[in-house]
$ cat structure-v6.cif   # mmCIF, C-alpha atoms
data_my_file
#
loop_
_atom_site.label_atom_id
_atom_site.label_comp_id
_atom_site.auth_asym_id
_atom_site.auth_seq_id
_atom_site.Cartn_x
_atom_site.Cartn_y
_atom_site.Cartn_z
CA MET A 1 38.99 -34.10 -30.06
CA GLN A 2 41.70 -31.91 -31.60
CA PRO A 3 42.76 -28.65 -29.90
CA ASP A 4 41.27 -26.63 -32.79
CA SER A 5 37.92 -28.35 -32.28
CA LYS A 6 37.98 -27.50 -28.56
CA ARG A 7 38.74 -23.87 -29.32
CA LYS A 8 35.92 -23.75 -31.88
CA THR A 9 33.51 -25.29 -29.39
CA LEU A 10 34.47 -22.79 -26.71
CA PHE A 11 34.29 -19.93 -29.19
CA VAL A 12 30.82 -20.94 -30.39
CA ALA A 13 29.63 -21.36 -26.78
CA PHE A 14 31.00 -17.92 -25.91
CA VAL A 15 29.34 -16.27 -28.91
CA ILE A 16 25.98 -17.90 -28.16
CA SER A 17 26.20 -16.88 -24.47
CA PHE A 18 27.16 -13.33 -25.41
CA VAL A 19 24.33 -12.97 -27.93
CA CYS A 20 21.82 -14.43 -25.47
CA SER A 21 22.96 -12.05 -22.71
CA ILE A 22 22.57 -9.10 -25.08
CA LEU A 23 19.07 -10.24 -26.05
CA VAL A 24 18.02 -10.75 -22.42
CA SER A 25 19.42 -7.36 -21.38
CA ALA A 26 17.76 -5.63 -24.33
CA ALA A 27 14.45 -7.32 -23.55
CA ALA A 28 14.70 -6.24 -19.89
CA VAL A 29 15.38 -2.63 -20.87
CA LEU A 30 12.65 -2.54 -23.52
CA LEU A 31 10.06 -4.21 -21.30
CA LYS A 32 10.81 -2.16 -18.16
CA PRO A 33 8.42 0.71 -19.09
CA VAL A 34 5.67 -1.83 -19.80
CA GLN A 35 6.30 -3.60 -16.48
CA GLU A 36 6.25 -0.30 -14.58
CA LYS A 37 3.02 0.71 -16.30
CA ASN A 38 1.43 -2.63 -15.38
CA GLN A 39 2.58 -2.27 -11.76
CA ILE A 40 0.97 1.16 -11.54
CA LYS A 41 -2.23 -0.24 -13.07
CA ASP A 42 -2.22 -2.99 -10.44
CA VAL A 43 -1.85 -0.44 -7.63
CA LEU A 44 -4.75 1.63 -9.00
CA LYS A 45 -6.81 -1.54 -9.42
CA ASN A 46 -6.36 -2.19 -5.70
CA VAL A 47 -7.45 1.37 -4.89
CA ILE A 48 -10.59 0.95 -7.00
CA GLN A 49 -11.38 -2.43 -5.44
CA VAL A 50 -11.03 -1.25 -1.84
CA ALA A 51 -13.08 1.85 -2.69
CA GLY A 52 -15.92 -0.38 -3.87
CA ILE A 53 -16.04 1.21 -7.33
CA ASN A 54 -17.19 -0.81 -10.33
CA GLU A 55 -14.00 -1.87 -12.14
CA ARG A 56 -15.76 -2.02 -15.50
CA ASN A 57 -15.85 1.76 -15.63
CA ASP A 58 -13.15 3.48 -17.67
CA MET A 59 -10.14 4.55 -15.60
CA ASN A 60 -10.28 8.08 -17.00
CA GLU A 61 -13.94 8.28 -15.98
CA ILE A 62 -13.15 7.10 -12.45
CA LEU A 63 -10.14 9.31 -11.71
CA GLY A 64 -11.10 12.89 -11.02
CA LYS A 65 -14.82 12.13 -10.78
CA LYS A 66 -15.56 9.19 -8.50
CA LEU A 67 -11.99 8.87 -7.23
CA VAL A 68 -10.17 12.13 -6.53
CA PRO A 69 -6.40 11.89 -5.85
CA LYS A 70 -4.74 14.41 -3.55
CA LEU A 71 -1.32 14.86 -1.98
CA LEU A 72 -1.44 15.14 1.81
CA ASP A 73 1.42 17.03 3.44
CA MET A 74 2.40 14.90 6.45
CA GLU A 75 3.73 17.91 8.36
CA THR A 76 0.98 20.49 7.82
CA TYR A 77 -1.85 18.10 6.80
CA ASN A 78 -2.77 20.42 3.96
CA LEU A 79 -3.95 18.99 0.63
CA GLU A 80 -2.47 19.60 -2.81
CA ASP A 81 -3.45 18.60 -6.33
CA ILE A 82 -1.41 15.96 -8.15
CA LYS A 83 -0.97 15.68 -11.91
CA ASP A 84 1.30 12.64 -12.31
CA ILE A 85 -0.02 9.67 -10.32
CA GLY A 86 2.11 7.23 -12.29
CA GLY A 87 5.26 9.20 -11.55
CA TYR A 88 4.44 9.21 -7.84
CA TYR A 89 4.17 5.42 -7.64
CA LYS A 90 7.15 4.91 -9.95
CA ASN A 91 9.38 6.97 -7.64
CA PHE A 92 7.76 6.06 -4.32
CA LYS A 93 10.54 3.85 -2.93
CA LYS A 94 13.27 6.19 -4.20
CA MET A 95 11.46 9.00 -2.41
CA LEU A 96 11.94 7.22 0.92
CA ASN A 97 15.73 7.42 0.50
CA ASP A 98 15.65 11.14 -0.25
CA ASP A 99 15.96 13.47 2.75
CA THR A 100 14.24 16.28 0.82
CA LYS A 101 11.17 14.14 0.06
CA SER A 102 10.78 12.01 3.18
CA ILE A 103 10.70 12.30 6.97
CA LYS A 104 12.91 10.20 9.24
CA LEU A 105 10.91 8.70 12.08
CA LYS A 106 12.13 8.67 15.65
CA PRO A 107 12.56 5.13 17.07
CA GLU A 108 9.67 5.66 19.49
CA GLU A 109 7.43 6.73 16.58
CA ASP A 110 8.33 3.89 14.23
CA LEU A 111 5.80 1.30 15.30
CA ALA A 112 5.54 -0.12 11.76
CA GLY A 113 9.33 -0.56 11.39
CA ILE A 114 9.55 1.51 8.21
CA GLY A 115 12.19 4.10 9.07
CA ARG A 116 10.80 6.95 6.94
CA ILE A 117 7.54 8.24 5.52
CA PRO A 118 7.03 10.50 2.48
CA LYS A 119 6.62 14.19 3.19
CA LYS A 120 3.65 14.09 0.84
CA VAL A 121 1.40 11.04 0.72
CA LEU A 122 -1.01 10.24 -2.09
CA ILE A 123 -4.54 9.65 -0.77
CA TYR A 124 -7.91 9.39 -2.52
CA PHE A 125 -11.37 10.75 -1.85
CA VAL A 126 -14.28 8.62 -3.05
CA LYS A 127 -17.17 10.81 -4.11
CA ASP A 128 -20.87 10.13 -4.43
CA ASN A 129 -23.02 12.97 -5.82
CA ASN A 130 -20.13 15.40 -5.32
CA SER A 131 -19.77 14.64 -1.61
CA VAL A 132 -16.92 12.64 -0.06
CA ASN A 133 -18.12 9.40 1.50
CA LYS A 134 -14.84 7.46 1.76
CA ILE A 135 -11.12 8.16 2.11
CA ILE A 136 -8.50 5.74 0.79
CA VAL A 137 -5.14 5.98 2.57
CA PRO A 138 -1.94 4.02 1.90
CA ILE A 139 -0.45 1.78 4.58
CA TYR A 140 2.83 -0.09 4.70
CA GLY A 141 4.89 -1.83 7.37
CA LYS A 142 7.02 -4.82 8.27
CA GLY A 143 5.56 -8.31 8.39
CA LEU A 144 7.51 -11.54 8.89
CA TRP A 145 9.44 -11.75 5.61
CA SER A 146 8.64 -8.51 3.89
CA THR A 147 7.26 -5.02 3.94
CA LEU A 148 3.55 -5.12 3.15
CA TYR A 149 2.10 -2.33 0.98
CA GLY A 150 -1.61 -1.74 0.79
CA PHE A 151 -4.58 0.58 1.22
CA LEU A 152 -7.19 1.17 3.88
CA CYS A 153 -10.69 2.45 3.12
CA ILE A 154 -12.23 4.69 5.77
CA ASN A 155 -15.83 5.89 5.91
CA ALA A 156 -15.76 9.68 6.00
CA LYS A 157 -18.79 10.06 8.28
CA ASP A 158 -18.03 7.82 11.24
CA LYS A 159 -14.35 6.90 10.59
CA SER A 160 -15.11 3.17 10.43
CA ILE A 161 -13.27 0.75 8.14
CA CYS A 162 -14.82 0.04 4.75
CA GLY A 163 -12.05 -2.16 3.35
CA ILE A 164 -8.40 -3.21 3.30
CA THR A 165 -6.17 -4.57 0.55
CA PHE A 166 -2.49 -5.36 -0.02
CA TYR A 167 -0.88 -5.07 -3.45
CA GLU A 168 2.67 -6.12 -2.53
CA HIS A 169 4.17 -8.46 0.07
CA LYS A 170 6.18 -11.68 0.41
CA GLU A 171 4.48 -13.28 3.38
CA THR A 172 4.18 -17.09 3.61
CA PRO A 173 1.38 -18.51 1.42
CA GLY A 174 -1.34 -20.08 3.56
CA LEU A 175 -0.12 -18.29 6.69
CA GLY A 176 0.85 -14.61 6.60
CA GLY A 177 -0.16 -14.61 2.94
CA GLU A 178 -3.75 -14.90 4.12
CA VAL A 179 -3.79 -11.11 4.24
CA ASP A 180 -5.07 -11.57 0.67
CA ASN A 181 -7.92 -13.85 1.74
CA PRO A 182 -11.26 -12.12 0.92
CA ASN A 183 -12.90 -13.74 3.95
CA TRP A 184 -10.34 -12.20 6.30
CA LYS A 185 -10.52 -8.82 4.59
CA ARG A 186 -14.31 -8.78 4.99
CA LYS A 187 -13.84 -8.99 8.77
CA TRP A 188 -12.44 -5.46 8.73
CA VAL A 189 -15.56 -3.88 7.26
CA GLY A 190 -17.55 -1.88 9.80
CA LYS A 191 -14.88 -1.93 12.51
CA MET A 192 -14.46 1.36 14.36
CA ILE A 193 -11.07 3.08 14.46
CA TYR A 194 -11.50 5.57 17.31
CA ASP A 195 -13.72 5.65 20.36
CA LYS A 196 -15.98 8.61 21.18
CA GLY A 197 -13.09 10.33 22.94
CA GLY A 198 -10.88 10.07 19.87
CA SER A 199 -8.56 7.37 21.20
CA LEU A 200 -7.25 4.88 18.65
CA LYS A 201 -8.85 1.53 19.46
CA LEU A 202 -8.64 -0.55 16.26
CA THR A 203 -6.64 -3.73 16.96
CA VAL A 204 -5.76 -6.93 15.09
CA ILE A 205 -5.71 -9.50 17.88
CA ASN A 206 -4.13 -12.93 18.18
CA GLY A 207 -6.94 -15.44 17.82
CA GLU A 208 -10.62 -14.78 17.19
CA VAL A 209 -12.72 -11.89 18.41
CA ASN A 210 -15.02 -12.79 21.29
CA PRO A 211 -18.56 -11.93 20.11
CA ASP A 212 -19.47 -11.07 23.72
CA SER A 213 -16.54 -8.70 24.20
CA VAL A 214 -17.27 -5.02 24.76
CA GLU A 215 -14.26 -4.33 22.50
CA LYS A 216 -15.52 -6.35 19.53
CA ALA A 217 -16.42 -3.22 17.54
CA TYR A 218 -12.70 -2.36 17.41
CA GLN A 219 -11.16 -5.82 17.01
CA ILE A 220 -10.25 -7.97 13.98
CA ASP A 221 -9.37 -11.67 14.02
CA GLY A 222 -5.67 -12.44 13.73
CA LEU A 223 -4.23 -14.70 11.03
CA SER A 224 -4.13 -18.32 12.15
CA GLY A 225 -0.56 -19.62 12.46
CA ALA A 226 0.93 -16.24 11.52
CA SER A 227 1.41 -14.37 14.78
CA ILE A 228 4.32 -12.25 13.50
CA THR A 229 2.46 -11.11 10.38
CA THR A 230 -0.61 -10.45 12.54
CA ALA A 231 1.50 -8.29 14.88
CA GLY A 232 3.01 -6.54 11.86
CA VAL A 233 -0.39 -5.66 10.40
CA ASN A 234 -1.60 -4.49 13.81
CA ASN A 235 1.47 -2.27 14.27
CA MET A 236 1.08 -0.97 10.72
CA VAL A 237 -2.52 0.17 11.09
CA LYS A 238 -1.85 1.61 14.55
CA PHE A 239 1.01 3.67 13.12
CA TRP A 240 -0.85 4.97 10.06
CA LEU A 241 -4.04 5.70 12.00
CA GLY A 242 -2.10 7.18 14.91
CA ASP A 243 -0.67 10.61 15.67
CA ARG A 244 2.27 10.37 13.24
CA GLY A 245 0.05 8.97 10.53
CA PHE A 246 -3.39 10.16 9.43
CA LYS A 247 -5.17 10.66 12.76
CA LYS A 248 -4.81 14.46 12.94
CA PHE A 249 -6.00 14.78 9.35
CA LEU A 250 -8.96 12.45 9.83
CA MET A 251 -10.05 13.98 13.13
CA LYS A 252 -9.88 17.61 12.05
CA ASN A 253 -11.94 17.13 8.91
CA THR A 254 -15.65 16.40 8.53
CA PHE A 255 -15.41 15.94 4.74
#

$ encode --input "structure-v6.cif" --output "structure tokens"
Amino acid sequence: MQPDSKRKTLFVAFVISFVCSILVSAAAVLLKPVQEKNQIKDVLKNVIQVAGINERNDMNEILGKKLVPKLLDMETYNLEDIKDIGGYYKNFKKMLNDDTKSIKLKPEEDLAGIGRIPKKVLIYFVKDNNSVNKIIVPIYGKGLWSTLYGFLCINAKDKSICGITFYEHKETPGLGGEVDNPNWKRKWVGKMIYDKGGSLKLTVINGEVNPDSVEKAYQIDGLSGASITTAGVNNMVKFWLGDRGFKKFLMKNTF
């Protein structure tokens, strides 16, 4: 091959690579808003599922009527209205790196291994005939390979669990990834969070719950072969349902 031919080949290869990189970059930029919109839809889909609301209903019909979003101040536990749900989820992780929008946890508080929590957390009230019968709260914490992000459904009347779901994690499929298994998630339903004295009792144990145990009302089976993810989920729910999480809010309200 002549030197000119080599230069032409390299030039053509460079031009093709350059054009392809421009096209890929342009596609990424153009598709980013669509991807973000789909991610927000997926998060809301998880909220609707864990709330037990019929997904066939129009989203606009659900939000504000059956599912009422509110911002919960994690320092005062007061509630505020929210207008831009999409913007909240879009900026959620950025919020955790902003000292003006998040709270740094003390090491002894940080059971879930998350470092910071938002100053204002987006929660949902599930209404039936204008009365609140469920509260949907976000939960997140460290597993084995990732931070798991999800939602917990709590019955307003007796503070028992009515559902759990995770919309983002990178746990091992077939092991820690079994947090997505419907059969495991069903085991949470009906479990009590606090005892009559208000102490947090809900626990994800290693192994299976003993049906004869006096603690069975507060215990959930662990994930087989995934002890670290099991411990992570247990620490996560204990943090978010504890004193630095939602406990004070849940215990002071009758809804």

$ resolve_selection --input "structure-v6.cif" --expression "the PyMOL selection byres ((chain A and resi 77) around 12)" --output "MDAnalysis selection string"
chainID A and resid 70:76 78:80 119:123 243:253

$ residues_around --input "structure-v6.cif" --residues "region 210-222 of chain A" --least-positions-apart "4" --cutoff "7 Å" --atoms "all atoms listed in the file" --output "PyMOL selection string"
chain A and resi 187-188+191-193+201-206+230

$ resolve_selection --input "structure-v6.cif" --expression "the PyMOL selection byres ((chain A and resi 101-115) around 7)" --output "list of chain:residue names"
A:Met95, A:Leu96, A:Asp98, A:Asp99, A:Thr100, A:Arg116, A:Ile117, A:Pro118, A:Lys119, A:Gly141, A:Lys142, A:Gly232, A:Asn235, A:Met236, A:Phe239

$ residues_around --input "structure-v6.cif" --residues "Leu44 (chain A)" --least-positions-apart "3" --cutoff "12 Å" --atoms "all atoms listed in the file" --output "number ranges by chain"
A: 37-41, 47-51, 53, 55, 59-60, 62-63, 67, 69, 85-86, 88-89, 122-124, 136, 138, 150-151, 165-167

$ closest_atom_pairs --input "structure-v6.cif" --of "region 107-150 of chain A" --to "region 174-180 of chain A" --cutoff "10 Å" --atoms "all atoms listed in the file" --output "CSV"
residue,atom,partner,partner_atom,distance
A:Gly143,CA,A:Gly176,CA,8.1
A:Leu144,CA,A:Gly176,CA,7.7
A:Trp145,CA,A:Gly176,CA,9.1
A:Leu148,CA,A:Val179,CA,9.5

$ closest_residue --input "structure-v6.cif" --among "A:Val209, A:Lys94, A:Gly64, A:Gly52" --to "Asn155 (chain A)" --atoms "all atoms listed in the file"
A:Gly52

$ atom_distance --input "structure-v6.cif" --atom1 "CA of Asn181 (chain A)" --atom2 "CA of Asp195 (chain A)"
27.6 Å

$ closest_residue --input "structure-v6.cif" --among "A:Ile154, A:Pro182, A:Asn133, A:Cys20" --to "Lys66 (chain A)" --atoms "all atoms listed in the file"
A:Asn133

$ atom_distance --input "structure-v6.cif" --atom1 "CA of Ile135 (chain A)" --atom2 "CA of Glu208 (chain A)"
27.5 Å
